[in-house]
Amino acid sequence: MERYDARAIEEKWQAEWAREGAFAVANPEPGTEDDRRHFYMLEMLPYPSGSLHMGHVLNYTLGDVVTHFHRRNGSTVLRPMGFDSFGLPAENAAIKEGGNPLEITERSIAAIENQMRRMGWAIDWAREVSAHEPTYYRWTQWLFLRLLEHGLAYRKEAPVNWCPNDQTVLSNEHVVDGRCWRCGAVVEARNMEQWFFKITAYSDELLDDLETIDWPERTKKIQRQHIGRSEGAELLFRIDELDRDVAVFTTRPDTVFGATFFVVAPESPLVDELVDGTDRADEVRAYARIAAARPTEERASREKTGVFTGRHAINPANGERLPIWVADYVLMQYGTGAIMAVPAHDERDREFAQTYELPIVPVIDDGGSLINSGRFDGLAWREAIVAITQWLSEQGKGKSAINYHLRDWSFSRQRYWGCPIPVVYCDDHGIVPVPDDELPVLLPEVENYRPKGEPPLAQATDWINVPCPRCGKPGRREADTMDTFVDSSWYFLRYTDPHDESAPFDRRVADYWMPIDQYIGGIDHAKGHLLYSRFFVKALNDLGLLGFREPFQRLFHQGWVKLGGKKMSKSQGGVTPDELIDRFGADPIRIYILFQGPADQDIDWTPDGIDATVRFVRRLWRIVHEAAERPASPPGVDTALARKAHEVIARVTDDIERRFVFNTPISAVMELINELSKAPDDPAARFAAETAVSLLQPYVPHVAEELWAVLGHSRLWEEPWPAADESLLQRDTVQLVLQVNGKVRDRVEVPVGLSEAELVERAKASPKVQAHLNGKEVRAIVVPDKLVNLVV
RNA sequence: GCCGGGGUGGCGAAACGGGUAAACGCGCCCGGCUUAAAACCGGGUGUCCCUCGAGGACAUGGGGGUUCGACUCCCUCCCCCGGCACCA
């Protein structure tokens, strides 16, 4: 028996798989019926940041087990890999350390790809794509132009989140607690012209279709909450001085009789209209300017402030004149930017009313019935919502309405290392799309990546000054680049047809593989990537480019791998995959990371346990070698060891397939190995060894392949998954648990299938049970083949 | 504040439809092999009590409940992690 040499074995089989193209899969042939059972397995693609970390190792090893499992169960499994290779870190590194983002990125990709190969993951490398390659971003641009044509991409001036550190706009999804998700700087509010995707056009569908996909409930909740649909009414308040009606959104139209004042957001254009030409104009405008400029977070945490405009609005329900205030607690982005204030029944309105001594009129009593509400007095508030909305709508003073928290996705970034937005600004023609046949608009080289009040691309004068594609007069290219989340909103489609030079993908091929059968990635993408991708697929479906409306049919979130309580992100000393592979081998690392606990649970990284998995692999190695000396087990061999092997097959299969748990299968195979080591002469010894190796193959593909050869076989990666023999899963005898008053007093071995009376008899025969009965009368609870509980 | 998820030995965990709590592994203890150590192999290991047994009691964050029987179901409280948060 040779010594277990992880490095030699791993290099040998990795070379073999690469030579064979073992994990490459073919697309369906055009014009023929493709009846392959197929499965699209995908993990979120990595950002190339120099090295993988243990979180990646968990993520991709999980996907690898699923990939092998489905392959060996007869599916053609598409399992590609690529790189989310545009983005700020490479650009910031270039600014800080010199070099250029392209070179930095490609060096990282090469390093990570090497790590991935060394981990032995079963990836179809022929489909590799990276977002920064012109052959990829050409099609990102092409898709953008399609969305632009259909009004789903547009440009407008709007209040946006500005990160002063990264010198760029951020989407709402990437402002966390008022800070930039990437660098942590406090985000400022700015009014800027920006590009947006009209994701809000899909609010309802993004919400409703969550019912059709198999995702963790918590992820659906995060998306539902983010979309934030609320039902209510839009009510019209007359402002006589302006001779017009102003709409407000409320979820509680039943409280309209309790509205005692009216509030407008400081950013609202209404502010100017209201005070223009009045003696309060200066004071109100000054307040509005200061209040609107405050960071959103600060605005939420400090005491509410406001100023009276001198104007009034008419309550549509009772005709009362309500003073109009401008106050910082009303937000422009939600509803209409103006509210009716009902201080008796809204905490924020009450706080404000108390500060500024405004009247408070209760309109709902303790029993939930309306008061002070004219003809609606006595009505339950829930019914009043309907009744009052209808009453006002009959008079043309309101209607039922729905509002959402979700806002359009701002995707232009004032940075260099991203996909150029393929439009030209022309004085005569405005925004002019670059014609499809001129794509890609290549990212030019620039001298300096640091933004200086304008995006770095604005400095590339040769590049930016181009004739208008429509009229030929001088024009200017868009200098903003796209958010990298645009790149990752369709990469899974490109994988299906990665070398297509005439289209981003072939609809026939995309429809064949998609939707993704199993997607695995972090829950931190719940309202970013996972929402944007759903939007993209829905939009592309509406454009006729795809035949499905959801990208990820089934989703799983792996837990965090933490170091000292903190999420592992960058490479940390001593725990890069490279160093660990050198010390222990890829197989032990793979099994270690999955053996720690349930894969969706966070794990604290300690290298301690890896020794134990190395030990286990060596033990497996030795015991399988010993078993290989034994004669082949006869087919259908029926011994205790054979039965154990079949039981383990059933457990492992069920765990991976139905329960989607990956730690307990390892335990189960360990049990089998333990029994085999205690019964080396059992006629089923060799069968037990073969079973153990076969079941572990998805976890430790290299050593499993080597041991499979030792057992006289070949090509385990193509071997059908073992099937448990049902007849050998049946037991002849079972351990019967004997309880007295619910406490276990004895256990006896009995034949399967005894009647209840027989089981009770066996129970009463036990001396230990008798000792606790003292001859008293009993009632028996019987669970056949399992338990008898005698109740005194 | 609202909405999720969780709390089981010294540690990571298992127990999947209410039916043997702690499988599997780590650590630790004892023994074997060895000149020795490592490696490897075998055995033990929830806590407490005693008369040391084929003994007993107590044990799944705290308290209560349902049940013959609860880690599992219900109520309540505490703690940890995550999401949202002036959303009208």
# chains A, B, ... in the order shown; residues from 1 in each chain; ligands from 1
call {"tool": "residues_around", "arguments": {"residues": "segment 637-640 of chain A", "least_positions_apart": "5", "cutoff": "8 Å", "atoms": "only C-alpha atoms (C1' of nucleotides)", "output": "PyMOL selection string"}}
result
chain A and resi 682-684+728
call {"tool": "residues_around", "arguments": {"residues": "A88 of chain B", "least_positions_apart": "2", "cutoff": "12 Å", "atoms": "only C-alpha atoms (C1' of nucleotides)", "output": "number ranges by chain"}}
result
A: 230-234, 248-253, 255, 259, 262-265, 329-343, 345-349, 403; B: 86
call {"tool": "closest_residue", "arguments": {"among": "A:Pro433, A:Gly258, A:Pro269, A:Pro598", "to": "Val361 of chain A", "atoms": "only C-alpha atoms"}}
result
A:Gly258
call {"tool": "select_by_dssp", "arguments": {"residues": "segment 188-237 of chain A", "states": "strand (DSSP E or B)", "output": "list in words"}}
result
Glu188, Ala189, Arg190, Asn191, Met192, Glu193, Gln194, Trp195, Phe196, Phe197, Asp214, Ser230, Glu231, Gly232, Ala233, Glu234, Leu235, Leu236 and Phe237 of chain A
call {"tool": "residues_around", "arguments": {"residues": "Gln167 of chain A", "least_positions_apart": "4", "cutoff": "9 Å", "atoms": "only C-alpha atoms (C1' of nucleotides)", "output": "PDB file with N, CA, C and O atoms, in the first residue's frame"}}
result
ATOM      1  N   TRP A 162     -24.764  59.937  -3.035  1.00  0.00           N
ATOM      2  CA  TRP A 162     -23.415  60.217  -3.512  1.00  0.00           C
ATOM      3  C   TRP A 162     -22.409  59.780  -2.453  1.00  0.00           C
ATOM      4  O   TRP A 162     -22.496  60.183  -1.294  1.00  0.00           O
ATOM      5  N   CYS A 163     -21.474  58.925  -2.873  1.00  0.00           N
ATOM      6  CA  CYS A 163     -20.410  58.527  -1.952  1.00  0.00           C
ATOM      7  C   CYS A 163     -19.229  59.463  -2.172  1.00  0.00           C
ATOM      8  O   CYS A 163     -18.599  59.432  -3.225  1.00  0.00           O
ATOM      9  N   ARG A 413     -22.387  55.195 -13.001  1.00  0.00           N
ATOM     10  CA  ARG A 413     -21.323  55.392 -12.010  1.00  0.00           C
ATOM     11  C   ARG A 413     -20.269  56.306 -12.607  1.00  0.00           C
ATOM     12  O   ARG A 413     -19.911  56.163 -13.771  1.00  0.00           O
ATOM     13  N   GLN A 414     -19.742  57.186 -11.768  1.00  0.00           N
ATOM     14  CA  GLN A 414     -18.790  58.179 -12.269  1.00  0.00           C
ATOM     15  C   GLN A 414     -17.369  57.659 -12.120  1.00  0.00           C
ATOM     16  O   GLN A 414     -16.473  58.333 -11.644  1.00  0.00           O
ATOM     17  N   ARG A 415     -17.200  56.399 -12.516  1.00  0.00           N
ATOM     18  CA  ARG A 415     -15.900  55.771 -12.338  1.00  0.00           C
ATOM     19  C   ARG A 415     -15.425  55.138 -13.635  1.00  0.00           C
ATOM     20  O   ARG A 415     -16.165  55.055 -14.614  1.00  0.00           O
ATOM     21  N   ARG A 450      -8.272  58.463 -11.098  1.00  0.00           N
ATOM     22  CA  ARG A 450      -8.892  59.163  -9.980  1.00  0.00           C
ATOM     23  C   ARG A 450      -9.903  60.175 -10.505  1.00  0.00           C
ATOM     24  O   ARG A 450      -9.567  61.011 -11.329  1.00  0.00           O
ATOM     25  N   PRO A 451     -11.164  60.083 -10.032  1.00  0.00           N
ATOM     26  CA  PRO A 451     -12.158  61.054 -10.495  1.00  0.00           C
ATOM     27  C   PRO A 451     -11.827  62.435  -9.937  1.00  0.00           C
ATOM     28  O   PRO A 451     -11.441  62.546  -8.785  1.00  0.00           O
ATOM     29  N   LYS A 452     -11.918  63.431 -10.805  1.00  0.00           N
ATOM     30  CA  LYS A 452     -11.621  64.793 -10.352  1.00  0.00           C
ATOM     31  C   LYS A 452     -12.801  65.695 -10.692  1.00  0.00           C
ATOM     32  O   LYS A 452     -12.766  66.451 -11.649  1.00  0.00           O
ATOM     33  N   GLY A 453     -13.878  65.541  -9.935  1.00  0.00           N
ATOM     34  CA  GLY A 453     -15.053  66.346 -10.198  1.00  0.00           C
ATOM     35  C   GLY A 453     -15.834  65.853 -11.406  1.00  0.00           C
ATOM     36  O   GLY A 453     -17.025  66.102 -11.530  1.00  0.00           O
ATOM     37  N   GLU A 454     -15.193  65.175 -12.296  1.00  0.00           N
ATOM     38  CA  GLU A 454     -15.895  64.565 -13.431  1.00  0.00           C
ATOM     39  C   GLU A 454     -15.356  63.144 -13.569  1.00  0.00           C
ATOM     40  O   GLU A 454     -14.266  62.827 -13.087  1.00  0.00           O
ATOM     41  N   PRO A 455     -16.115  62.292 -14.233  1.00  0.00           N
ATOM     42  CA  PRO A 455     -15.684  60.899 -14.341  1.00  0.00           C
ATOM     43  C   PRO A 455     -14.363  60.796 -15.115  1.00  0.00           C
ATOM     44  O   PRO A 455     -14.083  61.623 -15.985  1.00  0.00           O
TER      45      PRO A 455
END
call {"tool": "select_by_dssp", "arguments": {"residues": "segment 64-156 of chain A", "states": "alpha helix (DSSP H)", "output": "MDAnalysis selection string"}}
result
chainID A and resid 64:72 88:97 101:119 134:149
call {"tool": "residues_around", "arguments": {"residues": "G31 of chain B", "least_positions_apart": "3", "cutoff": "12 Å", "atoms": "only C-alpha atoms (C1' of nucleotides)", "output": "ChimeraX atom specification"}}
result
/B:41-44
call {"tool": "write_last_selection", "arguments": {"atoms": "C-alpha atoms (C1' of nucleotides)", "output": "short mmCIF file (atom, residue, chain, number, x, y, z; two decimals), in the first residue's frame"}}
result
data_model
loop_
_atom_site.label_atom_id
_atom_site.label_comp_id
_atom_site.auth_asym_id
_atom_site.auth_seq_id
_atom_site.Cartn_x
_atom_site.Cartn_y
_atom_site.Cartn_z
"C1'" C B 41 -4.70 0.82 16.70
"C1'" G B 42 -8.24 -0.47 20.92
"C1'" G B 43 -11.33 1.31 24.99
"C1'" G B 44 -13.69 5.27 27.93
#
call {"tool": "residues_around", "arguments": {"residues": "C16 of chain B", "least_positions_apart": "6", "cutoff": "12 Å", "atoms": "only C-alpha atoms (C1' of nucleotides)", "output": "list in words"}}
result
Arg651, Asp654, Asp655, Arg658, Arg659, Phe660, Val661 and Thr664 of chain A; U72 of chain B
call {"tool": "write_last_selection", "arguments": {"atoms": "C-alpha atoms (C1' of nucleotides)", "output": "PDB file, in the first residue's frame"}}
result
ATOM      1  CA  ARG A 651     -29.382   8.160   4.047  1.00  0.00           C
ATOM      2  CA  ASP A 654     -31.913  11.421   0.894  1.00  0.00           C
ATOM      3  CA  ASP A 655     -29.737  13.969   2.683  1.00  0.00           C
ATOM      4  CA  ARG A 658     -34.332  15.927  -0.496  1.00  0.00           C
ATOM      5  CA  ARG A 659     -32.921  17.581   2.603  1.00  0.00           C
ATOM      6  CA  PHE A 660     -30.057  19.451   0.934  1.00  0.00           C
ATOM      7  CA  VAL A 661     -27.776  18.837   3.910  1.00  0.00           C
ATOM      8  CA  THR A 664     -24.578  14.335   7.862  1.00  0.00           C
TER       9      THR A 664
ATOM     10  C1'   U B  72     -39.805  18.960  18.514  1.00  0.00           C
TER      11        U B  72
END
call {"tool": "interface_residues", "arguments": {"of": "chain B", "to": "chain A", "cutoff": "9 Å", "atoms": "only C-alpha atoms (C1' of nucleotides)", "output": "list of chain:residue names"}}
result
B:C3, B:G4, B:G5, B:G12, B:A13, B:A14, B:C16, B:G19, B:U20, B:A23, B:C24, B:G25, B:C26, B:A54, B:C68, B:G69, B:G83, B:C84, B:C86, B:C87, B:A88
call {"tool": "write_last_selection", "arguments": {"atoms": "C-alpha atoms (C1' of nucleotides)", "output": "short mmCIF file (atom, residue, chain, number, x, y, z; two decimals), in the first residue's frame"}}
result
data_model
loop_
_atom_site.label_atom_id
_atom_site.label_comp_id
_atom_site.auth_asym_id
_atom_site.auth_seq_id
_atom_site.Cartn_x
_atom_site.Cartn_y
_atom_site.Cartn_z
"C1'" C B 3 -40.16 41.40 10.48
"C1'" G B 4 -37.13 36.89 10.10
"C1'" G B 5 -33.55 33.05 12.01
"C1'" G B 12 -18.46 21.66 16.04
"C1'" A B 13 -22.87 19.24 15.87
"C1'" A B 14 -27.06 14.90 15.31
"C1'" C B 16 -36.17 14.82 9.17
"C1'" G B 19 -41.62 8.14 20.58
"C1'" U B 20 -34.12 5.51 23.02
"C1'" A B 23 -25.09 9.90 16.06
"C1'" C B 24 -20.44 11.57 13.61
"C1'" G B 25 -16.15 14.32 14.68
"C1'" C B 26 -12.85 17.40 17.90
"C1'" A B 54 -28.05 -4.96 34.60
"C1'" C B 68 -49.10 8.31 28.11
"C1'" G B 69 -44.68 10.73 26.14
"C1'" G B 83 -33.32 42.38 7.48
"C1'" C B 84 -36.14 47.00 7.63
"C1'" C B 86 -39.55 59.34 9.81
"C1'" C B 87 -42.39 54.53 3.87
"C1'" A B 88 -47.47 58.50 5.89
#
call {"tool": "residues_around", "arguments": {"residues": "Thr76 of chain A", "least_positions_apart": "6", "cutoff": "9 Å", "atoms": "only C-alpha atoms (C1' of nucleotides)", "output": "number ranges by chain"}}
result
A: 25-26, 36-40, 70
call {"tool": "residues_around", "arguments": {"residues": "Gln558 of chain A", "least_positions_apart": "3", "cutoff": "10 Å", "atoms": "only C-alpha atoms (C1' of nucleotides)", "output": "number ranges by chain"}}
result
A: 55-56, 58-60, 62, 520-523, 555, 561, 598-602
call {"tool": "closest_residue", "arguments": {"among": "A:Arg534, A:Arg407, A:Arg643, A:Lys527", "to": "Ile213 of chain A", "atoms": "only C-alpha atoms"}}
result
A:Arg534
call {"tool": "atom_distance", "arguments": {"atom1": "atom CA of Arg618 of chain A", "atom2": "atom CA of Asp587 of chain A"}}
result
11.0 Å
call {"tool": "closest_residue", "arguments": {"among": "B:C29, B:A39, B:C2, B:C77", "to": "G64 of chain B", "atoms": "only C-alpha atoms (C1' of nucleotides)"}}
result
B:C77
call {"tool": "closest_residue", "arguments": {"among": "A:Ile360, A:Ala122, A:Leu207, A:Met81", "to": "Gly21 of chain A", "atoms": "only C-alpha atoms"}}
result
A:Ala122
